[in-house]
Structure formats: C-alpha cells, structure tokens
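Working notes for the structure below.
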Amino acid sequence: MDISLILAFLLVGTVVGFAAGLLGIGGGMLSVPFLTMLLTAKHFPEYLVVHMAIATSLSTIMFTSISSVRAHHQRGAVSWHIVKLLAPGILIGSWIGPWIGKQLDSSWLAIFFAVFVALSATQMLLDKKPAAARELPRAPGMLVAGGVIGVLAGLVGAGGGFVSVPFMTWCNVRIHNAVATSAALGFPIAFAGTLSNIYHGMDTPGLPEGSLGFIYLPALLVISIASVMTAPLGARTAHSLPVKTLKKVFAMVLYVLAAYMLYRAFR
C-alpha cells in the first residue's frame, strides 16, 4: 500500500471521527462513499469495492464506539437495560445483514446504500423527532426491533443510530438517553457485522492482499486510529458551534455522497 493511500485513509478517519464527535452520529455514511472512491481509484475489483467499503466501515465502528460509549456512560446517559433487550436481536440481525449484502450485486448494494443515506439526510435536515407514542415493547418485540436495526446497519456499514434513535424516542425514551444508548449499541452491531463480513467474505475470489474476508485491514487500522483521536475534539467543539446549522450542512454533504453512490451504481 503506497503512502498516498495511507494519507487518504488518515484523512477519512480524521473527518469521520470529528463529525461523529461533533454531531453525535456514526461515521459509516461518510466513510463508505469515500472508501468506495479510494478503492475504485486503486483498481480494486469492481464487484468487490462496495462490499469491502461497507464491511471496512462497519469494522471501524468497533473502535470508535468504545470511546463514545465511555463518555456517555460517565454522564449516566446510557440506558443499559434497553441495550440488554435490543442486543440479542442486533447480534442476529448484524450477522444476517452482511450475508444479505453478499447476495446482492455491487450496483444494487450501492443503490440501497444511497437510498438509506438520502432518507437519513432528510431526517437530519428536517430535524423532526417522532412523537412519543408508546412504551418500549416487551422482550419479543425488542428482539424483533433489534433484528431490524442490525440487518439495516449490517447492510449499509453504519452504526444504526438513524434507526435506533427514532425507535427509542417513539417509545418515550428521552432523546439524550436514546442517543447515548444508540452509541452503546454500535459495538454489538459492529462486532457481529465484522465477524459476518469475515466469514462470508473468506471464500470470495479476487480479494486484494491485506483483506480479511471483505474487510481491508490497512484501511481499518488507519481510519480507526485517526477517528478515535479526533472524535473527542469534535465532541468538545460541539459546545461552541451551532450544531443545528452544522447538521443541515452535513445533510447536504450526505445528499452529494448518496448521489455519488447512485452514479457509481448506474455508470
């Protein structure tokens, strides 16, 4: 791997970590399009690029989520009883998500990612919180909800916050607790999804050197280090900047990245 690619991964990790700390979101929706661009530019096999970008992005969340959860836990914001109820379904769903992704052609996977990102950007742009309508379901319902969150997160390489936070606030969980609890759910999502991407990708022909299943290890290493270092800086900066305005700008960026993924799917 040449130095230019290392620097590019370093830049991606820096931006993703800072954005995650600043806006309280996962970095998957940023890192997947940029990884797709970089791996395409380095002439990775076309049929593998999107799968590897999603898998590698998901694996980085294992590391970035730990520092985020630690900060939220210190403030007593994580609802661990909700984590315990959702985690089993999430582990199952996050294993299934990459398996579904493997069955999809690279173009269809890119389309699915683009649609998901565009919907997430719209949610961020409107900044509408779902009206609290009910209590959290019982254990069977939480198992199903966790499964849905895990499948979607495993398919797009994200931490699931754009699904889990609205679900929890709809069930009368306070927004601050929902965000903190969603951060805690990022680890089981990334853990199961990473194992699934390794297992289901191992027998894929044409994997580049440095790959472990669908995960490109050099990118995982560099992006994780950079994002873990810059996430706290983003969190501190959030207290001195107009975060609502920044979220609108970030939503516009997501629309552009969604458009790129659509372009790549249809070119």
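Every chain in the structure tokens takes a letter, A first, then B, and so on in the order presented; its residues are numbered from 1, and the ligands are numbered from 1 following the presented order.
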
Skipping near chain neighbours, those fewer than 3 positions away, what residues fall within 6 Å of Ala183 of chain A using only C-alpha atoms, listed as a PyMOL selection string?
chain A and resi 69+180+186

Based on the selection just made, write all heavy atoms of those residues as a PDB file, in the first residue's frame.
```
ATOM      1  N   VAL A  69     -19.082   5.543  23.906  1.00  0.00           N
ATOM      2  CA  VAL A  69     -19.866   4.947  24.991  1.00  0.00           C
ATOM      3  C   VAL A  69     -19.294   5.327  26.347  1.00  0.00           C
ATOM      4  O   VAL A  69     -20.034   5.606  27.293  1.00  0.00           O
ATOM      5  CB  VAL A  69     -19.906   3.405  24.851  1.00  0.00           C
ATOM      6  CG1 VAL A  69     -20.550   2.776  26.073  1.00  0.00           C
ATOM      7  CG2 VAL A  69     -20.672   3.013  23.603  1.00  0.00           C
ATOM      8  N   ALA A 180     -27.339   8.265  23.579  1.00  0.00           N
ATOM      9  CA  ALA A 180     -26.287   7.566  24.317  1.00  0.00           C
ATOM     10  C   ALA A 180     -26.443   6.051  24.214  1.00  0.00           C
ATOM     11  O   ALA A 180     -25.461   5.324  24.032  1.00  0.00           O
ATOM     12  CB  ALA A 180     -26.328   7.988  25.788  1.00  0.00           C
ATOM     13  N   GLY A 186     -23.751   0.489  19.067  1.00  0.00           N
ATOM     14  CA  GLY A 186     -22.838   0.446  17.928  1.00  0.00           C
ATOM     15  C   GLY A 186     -21.824  -0.683  18.024  1.00  0.00           C
ATOM     16  O   GLY A 186     -21.443  -1.263  16.996  1.00  0.00           O
TER      17      GLY A 186
END
```

For Leu119 of chain A, find every residue with an atom within 12 Å (counting only C-alpha atoms), except residues of its own chain fewer than 3 positions away, and show them as a PyMOL selection string.
chain A and resi 29+112-116+122-126+162-163+251-252+254-255+258

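Across A:Leu22, A:Ile100, A:Met62, A:Ala71, the tightest approach to Leu241 of chain A is made by A:Leu22 when counting only C-alpha atoms.
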
Among segment 13-247 of chain A, which ones does DSSP assign to strand (DSSP E) (computed from the backbone)? Answer as a PyMOL selection string.
chain A and resi 211-212+215-216

Suppose we keep N, CA, C and O atoms; can you now write the selection as a PDB file, in the first residue's frame?
```
ATOM      1  N   SER A 211      -6.595  -8.227   2.808  1.00  0.00           N
ATOM      2  CA  SER A 211      -8.011  -8.380   3.131  1.00  0.00           C
ATOM      3  C   SER A 211      -8.222  -9.539   4.105  1.00  0.00           C
ATOM      4  O   SER A 211      -7.524 -10.546   4.044  1.00  0.00           O
ATOM      5  N   LEU A 212      -9.194  -9.372   4.968  1.00  0.00           N
ATOM      6  CA  LEU A 212      -9.658 -10.451   5.848  1.00  0.00           C
ATOM      7  C   LEU A 212     -11.150 -10.564   5.589  1.00  0.00           C
ATOM      8  O   LEU A 212     -11.948  -9.788   6.108  1.00  0.00           O
ATOM      9  N   ILE A 215     -13.110  -7.290   4.662  1.00  0.00           N
ATOM     10  CA  ILE A 215     -12.514  -6.155   5.370  1.00  0.00           C
ATOM     11  C   ILE A 215     -11.096  -5.903   4.867  1.00  0.00           C
ATOM     12  O   ILE A 215     -10.281  -6.829   4.805  1.00  0.00           O
ATOM     13  N   TYR A 216     -10.826  -4.650   4.522  1.00  0.00           N
ATOM     14  CA  TYR A 216      -9.486  -4.268   4.080  1.00  0.00           C
ATOM     15  C   TYR A 216      -8.727  -3.757   5.307  1.00  0.00           C
ATOM     16  O   TYR A 216      -8.963  -2.650   5.801  1.00  0.00           O
TER      17      TYR A 216
END
```

Identify all residues of segment 15-243 of chain A in alpha helix (DSSP H) (DSSP on the backbone) and supply them as a ChimeraX atom specification.
/A:15-23,28-41,46-74,80-103,106-126,139-156,161-170,175-201,217-237,243

Please identify all polymer residues within 7 Å of Ala226 of chain A, counting only C-alpha atoms, omitting same-chain residues fewer than 2 positions from it, and present them as a compact mmCIF listing (two decimals) with N, CA and C atoms, in the first residue's frame.
```txt
# COMPACT_ATOMS: atom_id res chain seq x y z
N LEU A 10 -6.08 8.19 6.34
CA LEU A 10 -5.88 9.04 7.53
C LEU A 10 -6.84 10.23 7.49
N GLY A 13 -10.43 9.00 8.21
CA GLY A 13 -10.60 8.75 9.63
C GLY A 13 -10.71 10.02 10.45
N THR A 14 -9.90 11.02 10.09
CA THR A 14 -9.92 12.30 10.79
C THR A 14 -11.28 12.98 10.65
N VAL A 222 -5.80 2.33 9.90
CA VAL A 222 -5.52 3.77 9.81
C VAL A 222 -6.75 4.60 10.16
N ILE A 223 -7.91 4.23 9.63
CA ILE A 223 -9.13 5.01 9.89
C ILE A 223 -9.51 4.94 11.36
N SER A 224 -9.37 3.76 11.98
CA SER A 224 -9.72 3.62 13.40
C SER A 224 -8.85 4.49 14.28
N VAL A 228 -10.59 7.67 16.31
CA VAL A 228 -10.59 7.64 17.78
C VAL A 228 -9.90 8.88 18.35
N MET A 229 -8.89 9.37 17.65
CA MET A 229 -8.16 10.55 18.12
C MET A 229 -8.96 11.84 17.93
N THR A 230 -9.74 11.93 16.85
CA THR A 230 -10.43 13.20 16.55
C THR A 230 -11.85 13.27 17.08
```

If you count only C-alpha atoms, which residues fall within 9 Å of Val179 of chain A, apart from same-chain ones fewer than 4 positions away, as a count of residues only?
13

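Interatomic distance, atom CA of Ser65 of chain A against atom CA of Lys42 of chain A: 28.6 Å.
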
Find the residues near segment 201-206 of chain A: any atom within 10 Å, counting only C-alpha atoms, skip ones fewer than 4 places away on the same chain, and give them as a list in words.
Phe44, Pro45, Tyr47, Leu48, His51, Met52, Ala55, Pro98, Trp99, Lys102, Leu195, Ser196, Asn197, Ser211, Leu212, Gly213, Phe214 and Ile215 of chain A

Within 7 Å of segment 147-151 of chain A, counting only C-alpha atoms, which residues show up once you throw out same-chain ones fewer than 3 positions away? Write them as a PyMOL selection string, please.
chain A and resi 89-94+96-97+143-144+154-155+160+163-164+189

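For the set A:Arg267, A:Tyr260, A:Thr181, A:Ala219, the residue with the smallest atom-to-atom gap to Leu7 of chain A is A:Ala219, counting only C-alpha atoms.
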